[in-house]
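Colleague: Quick one, coords03.txt (compact mmCIF, C-alpha atoms and all ligand atoms):
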```txt
# COMPACT_ATOMS: atom_id res chain seq x y z
CA MET A 9 -123.33 45.10 42.32
CA GLN A 10 -122.49 47.39 45.23
CA LYS A 11 -125.13 46.80 47.92
CA ILE A 12 -125.53 43.20 49.04
CA LEU A 13 -128.16 41.90 51.44
CA ILE A 14 -126.86 39.04 53.56
CA THR A 15 -129.70 37.32 55.39
CA GLY A 16 -128.76 35.20 58.40
CA GLY A 17 -125.55 37.22 58.71
CA ALA A 18 -125.50 36.88 62.51
CA GLY A 19 -125.19 33.08 62.29
CA PHE A 20 -122.12 30.89 61.81
CA ILE A 21 -121.41 30.95 58.06
CA GLY A 22 -123.17 34.28 57.44
CA SER A 23 -120.98 36.17 59.93
CA ASN A 24 -117.82 34.61 58.49
CA PHE A 25 -119.05 35.62 55.02
CA VAL A 26 -119.62 39.24 56.13
CA ARG A 27 -116.03 39.38 57.41
CA HIS A 28 -114.71 37.85 54.19
CA MET A 29 -116.62 40.30 51.95
CA LEU A 30 -115.65 43.41 53.94
CA ASN A 31 -111.99 42.38 53.67
CA GLU A 32 -112.23 41.52 50.00
CA TYR A 33 -114.36 44.36 48.53
CA LYS A 34 -113.66 47.82 49.91
CA SER A 35 -116.48 49.56 48.03
CA TYR A 36 -119.33 47.11 48.75
CA ARG A 37 -122.00 47.93 51.32
CA LEU A 38 -123.20 44.91 53.26
CA ILE A 39 -126.67 44.90 54.76
CA VAL A 40 -127.42 42.09 57.21
CA LEU A 41 -131.01 41.06 57.93
CA ASP A 42 -131.29 38.54 60.75
CA ALA A 43 -134.13 37.55 63.09
CA LEU A 44 -131.65 36.75 65.90
CA THR A 45 -133.12 33.34 66.68
CA TYR A 46 -131.27 31.17 69.23
CA ALA A 47 -128.59 30.66 66.54
CA GLY A 48 -128.16 34.35 65.71
CA ASN A 49 -125.65 36.22 67.83
CA LEU A 50 -124.50 39.82 67.53
CA GLU A 51 -121.22 38.81 69.21
CA ASN A 52 -120.42 37.08 65.90
CA LEU A 53 -120.39 40.51 64.24
CA ALA A 54 -118.74 42.51 67.06
CA ASP A 55 -115.53 43.13 65.10
CA VAL A 56 -117.35 44.56 62.05
CA TRP A 57 -120.09 46.46 63.90
CA GLN A 58 -118.41 49.87 63.47
CA HIS A 59 -117.34 49.25 59.88
CA PRO A 60 -118.62 52.13 57.68
CA ASN A 61 -119.80 49.67 54.97
CA PHE A 62 -121.79 47.47 57.36
CA ILE A 63 -125.37 47.86 58.54
CA PHE A 64 -127.57 45.49 60.58
CA TYR A 65 -131.36 45.12 60.61
CA LYS A 66 -133.19 42.80 62.95
CA GLY A 67 -136.05 41.17 61.05
CA ASN A 68 -137.62 37.97 59.78
CA ILE A 69 -137.22 36.83 56.15
CA GLY A 70 -140.81 35.58 56.34
CA ASP A 71 -142.13 39.12 57.01
CA PRO A 72 -143.01 40.63 53.59
CA ASP A 73 -143.07 44.28 54.77
CA CYS A 74 -139.72 44.02 56.50
CA VAL A 75 -138.18 42.20 53.54
CA ALA A 76 -139.55 44.72 51.01
CA ASN A 77 -138.13 47.64 53.01
CA VAL A 78 -134.66 46.16 52.89
CA VAL A 79 -134.68 44.55 49.44
CA GLN A 80 -135.76 47.73 47.61
CA ASN A 81 -132.40 49.28 48.52
CA VAL A 82 -130.03 46.48 47.48
CA ASP A 83 -128.57 45.05 44.25
CA ALA A 84 -128.07 41.41 45.29
CA ILE A 85 -129.24 38.94 47.96
CA VAL A 86 -127.29 36.10 49.53
CA ASN A 87 -129.72 34.05 51.61
CA PHE A 88 -128.02 32.26 54.52
CA ALA A 89 -131.03 32.64 56.86
CA ALA A 90 -132.43 29.27 57.84
CA GLU A 91 -133.26 26.90 60.63
CA THR A 92 -130.28 24.58 60.33
CA HIS A 93 -130.07 21.85 62.96
CA VAL A 94 -131.26 18.37 61.90
CA ASP A 95 -131.97 17.25 65.49
CA ARG A 96 -134.15 20.29 66.16
CA SER A 97 -136.05 19.59 62.93
CA ILE A 98 -136.77 16.07 64.19
CA HIS A 99 -138.28 17.49 67.39
CA GLY A 100 -140.39 20.03 65.49
CA ALA A 101 -140.39 20.98 61.82
CA GLY A 102 -142.70 24.02 61.87
CA ASN A 103 -140.00 26.70 62.12
CA PHE A 104 -138.07 24.95 59.35
CA VAL A 105 -140.97 25.11 56.91
CA GLN A 106 -141.68 28.68 57.99
CA THR A 107 -138.16 30.00 57.43
CA ASP A 108 -136.53 27.66 54.91
CA VAL A 109 -139.57 27.49 52.62
CA TYR A 110 -141.87 30.46 53.31
CA GLY A 111 -138.97 32.78 54.14
CA THR A 112 -137.28 31.85 50.87
CA PHE A 113 -140.56 32.51 49.02
CA THR A 114 -140.84 35.96 50.65
CA LEU A 115 -137.31 36.88 49.58
CA LEU A 116 -137.93 35.64 46.04
CA GLU A 117 -141.09 37.73 45.73
CA ALA A 118 -139.22 40.85 46.82
CA ALA A 119 -136.27 40.00 44.54
CA LYS A 120 -138.71 39.76 41.62
CA LYS A 121 -140.57 42.96 42.48
CA TYR A 122 -137.42 45.07 42.95
CA LYS A 123 -135.52 43.51 40.01
CA ILE A 124 -132.55 42.26 42.00
CA GLU A 125 -129.37 41.67 39.93
CA ARG A 126 -128.48 38.38 41.63
CA TYR A 127 -130.18 36.11 44.15
CA LEU A 128 -127.89 33.48 45.67
CA GLN A 129 -129.54 30.72 47.73
CA ILE A 130 -127.26 29.01 50.25
CA SER A 131 -128.28 25.38 50.28
CA THR A 132 -126.76 22.13 51.49
CA ASP A 133 -125.47 18.78 50.24
CA GLU A 134 -128.10 17.21 52.52
CA VAL A 135 -130.83 17.88 49.91
CA TYR A 136 -129.50 14.93 47.85
CA GLY A 137 -129.84 12.51 50.77
CA SER A 138 -127.38 9.77 51.69
CA ILE A 139 -124.95 8.10 49.24
CA LEU A 140 -122.90 5.03 50.17
CA GLU A 141 -120.45 5.24 47.25
CA GLY A 142 -119.49 7.94 44.76
CA ALA A 143 -120.63 11.56 44.92
CA PHE A 144 -123.72 13.51 43.92
CA GLN A 145 -123.69 15.84 40.93
CA GLU A 146 -125.81 18.97 40.70
CA THR A 147 -128.19 17.25 38.26
CA ASP A 148 -128.99 14.35 40.60
CA PRO A 149 -132.50 14.12 42.05
CA LEU A 150 -133.21 15.51 45.52
CA ARG A 151 -134.06 12.85 48.13
CA PRO A 152 -133.89 14.65 51.48
CA SER A 153 -134.20 12.52 54.63
CA SER A 154 -134.85 14.96 57.49
CA PRO A 155 -137.40 17.75 57.88
CA TYR A 156 -134.38 20.12 57.76
CA SER A 157 -133.08 18.85 54.42
CA ALA A 158 -136.62 18.57 53.04
CA SER A 159 -137.31 22.22 53.85
CA LYS A 160 -133.99 23.23 52.24
CA ALA A 161 -134.80 21.14 49.13
CA SER A 162 -138.20 22.86 48.93
CA GLY A 163 -136.46 26.23 49.07
CA ASP A 164 -134.13 25.18 46.23
CA MET A 165 -137.09 24.14 44.09
CA LEU A 166 -138.86 27.45 44.64
CA VAL A 167 -135.66 29.29 43.70
CA HIS A 168 -135.31 27.27 40.50
CA SER A 169 -138.97 27.88 39.62
CA TYR A 170 -138.48 31.67 39.87
CA TYR A 171 -135.61 31.36 37.38
CA VAL A 172 -137.65 29.31 34.92
CA THR A 173 -140.93 31.21 35.29
CA TYR A 174 -139.85 34.81 35.94
CA ASP A 175 -136.24 34.90 34.65
CA LEU A 176 -135.10 35.83 38.15
CA PRO A 177 -131.27 35.78 38.11
CA VAL A 178 -130.73 33.05 40.69
CA LEU A 179 -127.81 30.87 41.77
CA ILE A 180 -127.70 28.03 44.31
CA THR A 181 -124.75 26.65 46.28
CA ARG A 182 -124.90 23.27 48.04
CA SER A 183 -122.04 22.90 50.44
CA SER A 184 -120.93 20.07 52.65
CA ASN A 185 -120.56 20.33 56.47
CA ASN A 186 -118.82 23.55 57.53
CA TYR A 187 -116.68 23.90 60.64
CA GLY A 188 -114.67 26.74 62.16
CA PRO A 189 -115.06 29.78 64.45
CA TYR A 190 -118.50 31.01 65.62
CA GLN A 191 -120.43 27.76 65.04
CA TYR A 192 -123.25 27.39 67.57
CA PRO A 193 -122.24 24.65 70.04
CA GLU A 194 -125.04 22.22 69.15
CA LYS A 195 -123.40 20.89 65.97
CA LEU A 196 -120.97 17.96 66.16
CA ILE A 197 -117.59 19.74 66.15
CA PRO A 198 -118.28 22.72 68.48
CA LEU A 199 -120.45 20.58 70.80
CA PHE A 200 -117.72 17.98 71.18
CA ILE A 201 -114.88 20.51 71.57
CA THR A 202 -116.76 22.46 74.24
CA ASN A 203 -118.04 19.34 76.06
CA ALA A 204 -114.48 18.00 76.13
CA LEU A 205 -113.19 21.32 77.49
CA GLU A 206 -115.81 20.99 80.25
CA ASN A 207 -114.92 17.30 80.83
CA LYS A 208 -118.49 16.36 79.87
CA PRO A 209 -119.54 13.27 77.84
CA LEU A 210 -119.38 13.42 74.01
CA PRO A 211 -122.71 11.91 72.86
CA LEU A 212 -121.84 9.93 69.73
CA TYR A 213 -124.83 8.70 67.70
CA GLY A 214 -125.08 5.05 66.68
CA ASP A 215 -121.85 3.31 65.70
CA GLY A 216 -119.97 6.57 64.96
CA GLN A 217 -119.26 5.39 61.40
CA ASN A 218 -121.41 8.00 59.61
CA VAL A 219 -119.36 10.02 57.14
CA ARG A 220 -119.50 13.73 56.35
CA ASP A 221 -117.30 15.79 54.01
CA TRP A 222 -115.94 18.72 56.05
CA ILE A 223 -115.09 22.17 54.68
CA TYR A 224 -113.40 24.94 56.65
CA VAL A 225 -115.85 27.84 56.78
CA GLU A 226 -113.47 30.36 55.15
CA ASP A 227 -113.13 28.05 52.14
CA ASN A 228 -116.92 27.95 51.79
CA CYS A 229 -117.09 31.76 52.05
CA LYS A 230 -114.57 32.07 49.21
CA ALA A 231 -116.61 29.60 47.14
CA VAL A 232 -119.84 31.54 47.72
CA ASP A 233 -118.01 34.74 46.70
CA TYR A 234 -116.80 32.96 43.51
CA VAL A 235 -120.28 31.80 42.61
CA LEU A 236 -121.81 35.21 43.34
CA HIS A 237 -119.36 36.91 40.94
CA HIS A 238 -118.60 34.21 38.36
CA GLY A 239 -121.45 31.70 38.51
CA THR A 240 -123.79 31.17 35.56
CA ILE A 241 -127.32 32.38 36.28
CA GLY A 242 -129.80 29.56 36.88
CA GLU A 243 -127.09 27.06 37.89
CA VAL A 244 -126.43 25.03 41.03
CA TYR A 245 -122.87 24.61 42.41
CA ASN A 246 -121.78 21.89 44.83
CA ILE A 247 -119.07 22.95 47.31
CA GLY A 248 -117.04 20.37 49.23
CA GLY A 249 -113.86 20.32 51.27
CA GLY A 250 -112.59 16.97 50.01
CA ASN A 251 -112.25 15.81 53.63
CA GLU A 252 -114.42 12.77 54.27
CA ARG A 253 -114.20 11.65 57.87
CA THR A 254 -116.21 9.34 60.14
CA ASN A 255 -117.69 10.86 63.28
CA ILE A 256 -115.58 8.59 65.48
CA TYR A 257 -112.41 9.81 63.73
CA ILE A 258 -113.36 13.43 64.40
CA THR A 259 -114.27 12.67 68.01
CA LYS A 260 -110.92 11.02 68.71
CA LYS A 261 -109.05 13.81 66.90
CA ILE A 262 -110.70 16.46 69.09
CA LEU A 263 -109.87 14.53 72.27
CA GLN A 264 -106.29 14.06 71.10
CA LEU A 265 -105.85 17.78 70.32
CA LEU A 266 -107.23 18.68 73.77
CA ASP A 267 -105.32 15.92 75.56
CA LYS A 268 -108.58 14.52 76.99
CA PRO A 269 -109.38 10.81 77.60
CA GLU A 270 -111.38 8.69 75.15
CA SER A 271 -113.51 7.60 78.11
CA LEU A 272 -115.47 10.84 77.48
CA ILE A 273 -116.94 9.22 74.34
CA THR A 274 -120.50 8.15 75.19
CA PRO A 275 -122.45 6.14 72.61
CA VAL A 276 -126.09 7.28 72.55
CA LYS A 277 -129.20 6.21 70.66
CA ASP A 278 -128.91 6.90 66.93
CA ARG A 279 -130.60 9.91 65.32
CA PRO A 280 -133.83 8.81 63.54
CA GLY A 281 -133.33 8.74 59.76
CA HIS A 282 -129.58 9.35 60.23
CA ASP A 283 -127.96 9.75 56.79
CA ARG A 284 -124.97 7.41 56.52
CA ARG A 285 -122.77 9.40 54.18
CA TYR A 286 -122.81 12.69 52.28
CA ALA A 287 -120.54 13.37 49.31
CA VAL A 288 -120.67 15.90 46.48
CA ASP A 289 -118.83 16.10 43.18
CA CYS A 290 -117.28 19.59 43.00
CA SER A 291 -115.85 19.56 39.47
CA LYS A 292 -118.32 22.25 38.35
CA ILE A 293 -117.17 24.91 40.84
CA GLN A 294 -113.55 23.84 40.43
CA ALA A 295 -113.91 24.66 36.73
CA LEU A 296 -114.73 28.24 37.83
CA GLY A 297 -111.29 28.41 39.47
CA TRP A 298 -112.16 27.70 43.13
CA LYS A 299 -110.63 24.99 45.25
CA PRO A 300 -110.46 24.50 49.02
CA GLN A 301 -107.23 25.64 50.68
CA VAL A 302 -107.51 24.37 54.26
CA ASP A 303 -107.04 20.65 54.80
CA PHE A 304 -108.90 19.00 57.65
CA GLU A 305 -105.96 18.42 60.00
CA GLU A 306 -105.01 22.11 59.80
CA GLY A 307 -108.60 23.35 60.03
CA ILE A 308 -109.59 21.21 63.01
CA ALA A 309 -106.49 22.31 64.96
CA LYS A 310 -107.31 26.00 64.23
CA THR A 311 -110.93 25.41 65.23
CA VAL A 312 -110.05 23.69 68.51
CA HIS A 313 -107.72 26.59 69.36
CA TRP A 314 -110.44 29.13 68.59
CA TYR A 315 -112.87 27.52 71.06
CA GLN A 316 -110.07 27.25 73.65
CA ASP A 317 -109.38 30.95 73.20
CA HIS A 318 -113.03 32.09 73.30
CA PRO A 319 -114.63 30.41 76.35
CA GLN A 320 -116.76 33.47 77.10
CA TRP A 321 -118.37 33.19 73.62
CA TRP A 322 -119.55 29.56 73.90
CA MET A 323 -120.11 29.45 77.67
CA ALA A 324 -122.67 32.26 77.38
CA LEU A 325 -124.55 30.27 74.72
CA LYS A 326 -124.48 26.98 76.64
CA ALA A 327 -125.67 28.74 79.82
CA LYS A 328 -128.97 29.75 78.20
CA LYS A 329 -131.65 27.46 79.58
CA ALA A 330 -134.35 27.92 76.95
CA ASP A 331 -132.03 27.94 73.92
CA PHE A 332 -129.40 25.34 74.72
CA GLN A 333 -130.10 23.38 77.90
CA ALA A 334 -133.77 22.57 77.23
CA PHE A 335 -132.91 21.25 73.76
CA TYR A 336 -129.92 19.28 75.05
CA ARG A 337 -132.07 17.56 77.70
CA LYS A 338 -134.82 16.74 75.21
CA ASN A 339 -132.40 15.40 72.61
CA TYR A 340 -129.97 13.40 74.72
CA GLU A 341 -131.57 12.43 78.00
CA SER A 342 -133.91 9.82 76.57
CA SER A 343 -130.86 7.97 75.14
P1 LIG B 401 -126.87 29.11 61.75
O1 LIG B 401 -127.95 28.29 62.36
O2 LIG B 401 -125.58 29.27 62.49
O3 LIG B 401 -127.40 30.59 61.45
C1 LIG B 401 -128.65 30.84 60.88
C2 LIG B 401 -128.90 32.34 60.98
O4 LIG B 401 -130.16 32.62 60.36
C3 LIG B 401 -128.99 32.84 62.42
O5 LIG B 401 -128.28 34.05 62.56
C4 LIG B 401 -130.49 33.07 62.63
O6 LIG B 401 -130.78 34.10 63.58
C5 LIG B 401 -130.92 33.46 61.22
N1 LIG B 401 -132.33 33.19 60.97
C6 LIG B 401 -133.02 32.04 61.23
N2 LIG B 401 -134.30 32.18 60.88
C7 LIG B 401 -134.44 33.44 60.37
C8 LIG B 401 -135.52 34.16 59.82
N3 LIG B 401 -136.75 33.63 59.74
N4 LIG B 401 -135.30 35.42 59.38
C9 LIG B 401 -134.07 35.97 59.47
N5 LIG B 401 -133.00 35.33 59.99
C10 LIG B 401 -133.18 34.08 60.44
O7 LIG B 401 -126.63 28.50 60.31
P2 LIG B 401 -125.30 28.26 59.47
O8 LIG B 401 -124.70 26.99 59.89
O9 LIG B 401 -124.52 29.51 59.45
O10 LIG B 401 -125.94 28.01 58.02
C11 LIG B 401 -126.19 29.09 57.13
C12 LIG B 401 -126.78 28.56 55.85
O11 LIG B 401 -125.88 27.60 55.28
C13 LIG B 401 -128.11 27.84 56.03
O12 LIG B 401 -128.95 28.18 54.96
C14 LIG B 401 -127.74 26.36 55.99
O13 LIG B 401 -128.81 25.58 55.52
C15 LIG B 401 -126.57 26.39 55.04
N6 LIG B 401 -125.59 25.30 55.21
C16 LIG B 401 -124.96 25.12 56.42
C17 LIG B 401 -124.02 24.12 56.55
C18 LIG B 401 -123.27 23.90 57.86
O14 LIG B 401 -122.49 22.95 57.96
N7 LIG B 401 -123.43 24.75 58.87
C19 LIG B 401 -123.71 23.29 55.47
C20 LIG B 401 -124.37 23.50 54.25
C21 LIG B 401 -125.30 24.52 54.14
P1 LIG B 402 -124.33 17.75 62.67
O1 LIG B 402 -123.20 18.61 63.13
O2 LIG B 402 -125.64 17.87 63.39
O3 LIG B 402 -124.49 17.98 61.11
P2 LIG B 402 -125.42 17.19 60.04
O4 LIG B 402 -126.29 16.22 60.73
O5 LIG B 402 -126.20 18.31 59.43
O6 LIG B 402 -124.45 16.55 59.11
O7 LIG B 402 -123.88 16.22 62.78
C1 LIG B 402 -122.73 15.76 62.08
C2 LIG B 402 -122.63 14.26 62.32
O8 LIG B 402 -122.37 14.04 63.71
C3 LIG B 402 -123.91 13.52 62.02
O9 LIG B 402 -123.58 12.23 61.46
C4 LIG B 402 -124.56 13.32 63.36
C5 LIG B 402 -123.38 13.23 64.32
N1 LIG B 402 -123.61 13.75 65.69
C6 LIG B 402 -123.37 12.93 66.79
O10 LIG B 402 -122.92 11.76 66.68
N2 LIG B 402 -123.62 13.43 68.05
C7 LIG B 402 -124.11 14.70 68.23
O11 LIG B 402 -124.34 15.10 69.39
C8 LIG B 402 -124.33 15.53 67.07
C9 LIG B 402 -124.86 16.92 67.23
C10 LIG B 402 -124.07 15.01 65.83
```
Let me see the structure of the file written as structure tokens.
Modeller:
Amino acid sequence: MQKILITGGAGFIGSNFVRHMLNEYKSYRLIVLDALTYAGNLENLADVWQHPNFIFYKGNIGDPDCVANVVQNVDAIVNFAAETHVDRSIHGAGNFVQTDVYGTFTLLEAAKKYKIERYLQISTDEVYGSILEGAFQETDPLRPSSPYSASKASGDMLVHSYYVTYDLPVLITRSSNNYGPYQYPEKLIPLFITNALENKPLPLYGDGQNVRDWIYVEDNCKAVDYVLHHGTIGEVYNIGGGNERTNIYITKKILQLLDKPESLITPVKDRPGHDRRYAVDCSKIQALGWKPQVDFEEGIAKTVHWYQDHPQWWMALKAKKADFQAFYRKNYESS
């Protein structure tokens, strides 16, 4: 495995994964295919752009000709490309079905045709749905709640079917909520850090008691690398940070780290279908030898500092009317 296609490599986790792989494997060539949607940003790849083992193609994973052109020259595929924001999926699910389902199908077809050595699908703990106690195992049924998680679950099922039917050498990872540098400022942590830096309200959904398990993005990248190299073909691996926190805890922590007042917290109408708690059992990937290294208190402090140090990165994104401001108005102003 020398040439690896990383789809969605201009997004949050994908760009961190590119950086991780270039540092870790000096002989690998990394090929990024990304449609550069509102969430894709070449600034995320600025520091690797000139790297001799890095190449970028702009293109859509749902475009069979484009995908075939790229896939015929690689040994493995790691598919990060997706529409990823639950709130956007509630306002309109079409792009989610198009990319997360049809795009996955297009990649699988090319992987089959060109006899790819490994196809790794990046999925999410959200496919299992909400769990009030305990933690989901990989064998548990999928009960997605949002159009986002339903489209991701559909992608997972297609991937599994290509393993069973065509012997395609697939792997799936399902990670919990990532946080860290380069996350588009619509998700909870970067939205709240940047709003607080701008002295703007932090729109907290419902009672703020919803729980997510948070993993620092570099820990997830290491886990994906582990699964790519050591995972058993056909298997699913949960990836979690072991850091369950309520949203109100995270909100107060961000304000405390930035020395901003709690009066910025603004309760807003709850998200429809809002999953109460996500939790995954990670014993399977831990048996491979991976475990998370960054605990939440350390990771959130590093993340807050990164956004403080990179105002030009997030201010440019928040200034875009069509991409950020129109969505923000639609999502929050009716509250
Ligand atoms: P992101 O929204 O930051 O980035 C997605 C990237 O995919 C962008 O660069 C975008 O331009 C690209 N893209 C979108 N549609 C495309 C298409 N049709 N063709 C080609 N490229 C396209 O997402 P992220 O947070 O980095 O998530 C990456 C993956 O990890 C996704 O599959 C997501 O479901 C999964 N995941 C994310 C989290 C999280 O907390 N962020 C948790 C678990 C799983
Ligand atoms: P998010 O970052 O959108 O991730 P996901 O919904 O995929 O887990 O949201 C994380 C949690 O934060 C979720 O419970 C919803 C909540 N949230 C808010 O309270 N306000 C917000 O503005 C956002 C974006 C999220």
Colleague: Show me which residues are within 10 Å of ligand LIG 402 (chain B) counting only C-alpha atoms and all ligand atoms, and format the list as a PyMOL selection string.
Modeller: chain A and resi 92-96+132-134+154+156-157+184-187+191-200+209-222+253-256+258-259+274-279+282-286+336+339-340
Colleague: Quick one: of A:Ala76, A:Ile85, A:Leu38, A:Ile21, who's nearest to Tyr127 (chain A), counting all atoms listed in the file?
Modeller: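 Residue with the minimum atom-to-atom distance to Tyr127 (chain A): A:Ile85.
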Colleague: Counting all atoms listed in the file, select every polymer residue within 10 Å of (-119.6, 24.6, 32.9) as defined in the file's coordinates, and provide the selection as a VMD selection string.
Modeller: chain A and resid 239 to 240 243 291 to 296
Colleague: Within 7 Å of ligand LIG 401 (chain B), counting only C-alpha atoms and all ligand atoms: which residues, as a PyMOL selection string?
Modeller: chain A and resi 15-22+41-49+67-70+87-93+107+111+130-133+160+182-187+191-192
Colleague: Can you work out the spacing between CA of Thr181 (chain A) and CA of Ala118 (chain A) in Å, to one decimal?
Modeller: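 If I compute the distance from CA of Thr181 (chain A) to CA of Ala118 (chain A), I get 20.3 Å.
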Colleague: With a distance cut-off of 7 Å and all atoms listed in the file, select the neighbouring residues of region 23-35 of chain A, excluding the residue or stretch itself and same-chain residues fewer than 6 positions from it, and output the selection as a ChimeraX atom specification.
Modeller: /A:10,17,52-53,226,229
Colleague: With 12 Å as the threshold, what does the neighbourhood of (-105.0, 16.9, 71.9) contain in terms of residues, counting only C-alpha atoms? Coordinates are those of the file; answer as a ChimeraX atom specification.
Modeller: /A:201,204-205,258-270,308-309,312-313,316
Colleague: Just to confirm, what's the straight-line distance from CA of Val78 (chain A) to CA of Asn246 (chain A) in Å (one decimal)?
Modeller: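 Straight-line distance from CA of Val78 (chain A) to CA of Asn246 (chain A) works out to 28.6 Å.
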Colleague: Between A:Leu150, A:Val302, A:Ile14, A:Leu115, which is the closest to Tyr224 (chain A) once you count all atoms listed in the file?
Modeller: A:Val302
Colleague: Hey, which of A:Gln80, A:Gln301, A:Ser271, A:Asn207 ends up closest to Asn228 (chain A)? Count all atoms listed in the file.
Modeller: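 Selected residue with least distance to Asn228 (chain A): A:Gln301.
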Colleague: Which centre and which edge lengths, in Å to one decimal, describe the axis-aligned box that holds all listed atoms of region 39-54 of chain A after 3 Å is added on each side, as AutoDock Vina command-line options?
Modeller:
```
--center_x -126.4 --center_y 37.8 --center_z 62.0 --size_x 21.4 --size_y 20.2 --size_z 20.5
```
Colleague: When you count only C-alpha atoms, which of these residues is closest to Phe304 (chain A): A:Pro152, A:Gly137, A:Gly242, A:Gly250?
Modeller: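 Using only C-alpha atoms, Phe304 (chain A) sits closest to A:Gly250.
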Colleague: May I ask for the distance between CA of Gly307 (chain A) and CA of Thr202 (chain A), given in Å to one decimal place?
Modeller: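 Those two atoms sit 16.4 Å apart.
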Colleague: Rank A:Glu305, A:Glu117, A:Asp289, A:Glu206 by their smallest atom-to-atom distance to Glu146 (chain A), using only C-alpha atoms, and report the top residue only.
Modeller: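 Once distances to Glu146 (chain A) are computed over only C-alpha atoms, the minimum belongs to A:Asp289.
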Colleague: Which residue gives the smallest distance to Met165 (chain A) among A:Phe144, A:Tyr245, A:Phe113, A:Trp298, with all atoms listed in the file counted?
Modeller: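 Among the listed residues, the smallest separation from Met165 (chain A) belongs to A:Phe113.
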Colleague: For Leu166 (chain A), work out the shell of residues within 9 Å, counting all atoms listed in the file and skipping chain neighbours fewer than 6 positions away, then give it as a PyMOL selection string.
Modeller: chain A and resi 109+112-113+116
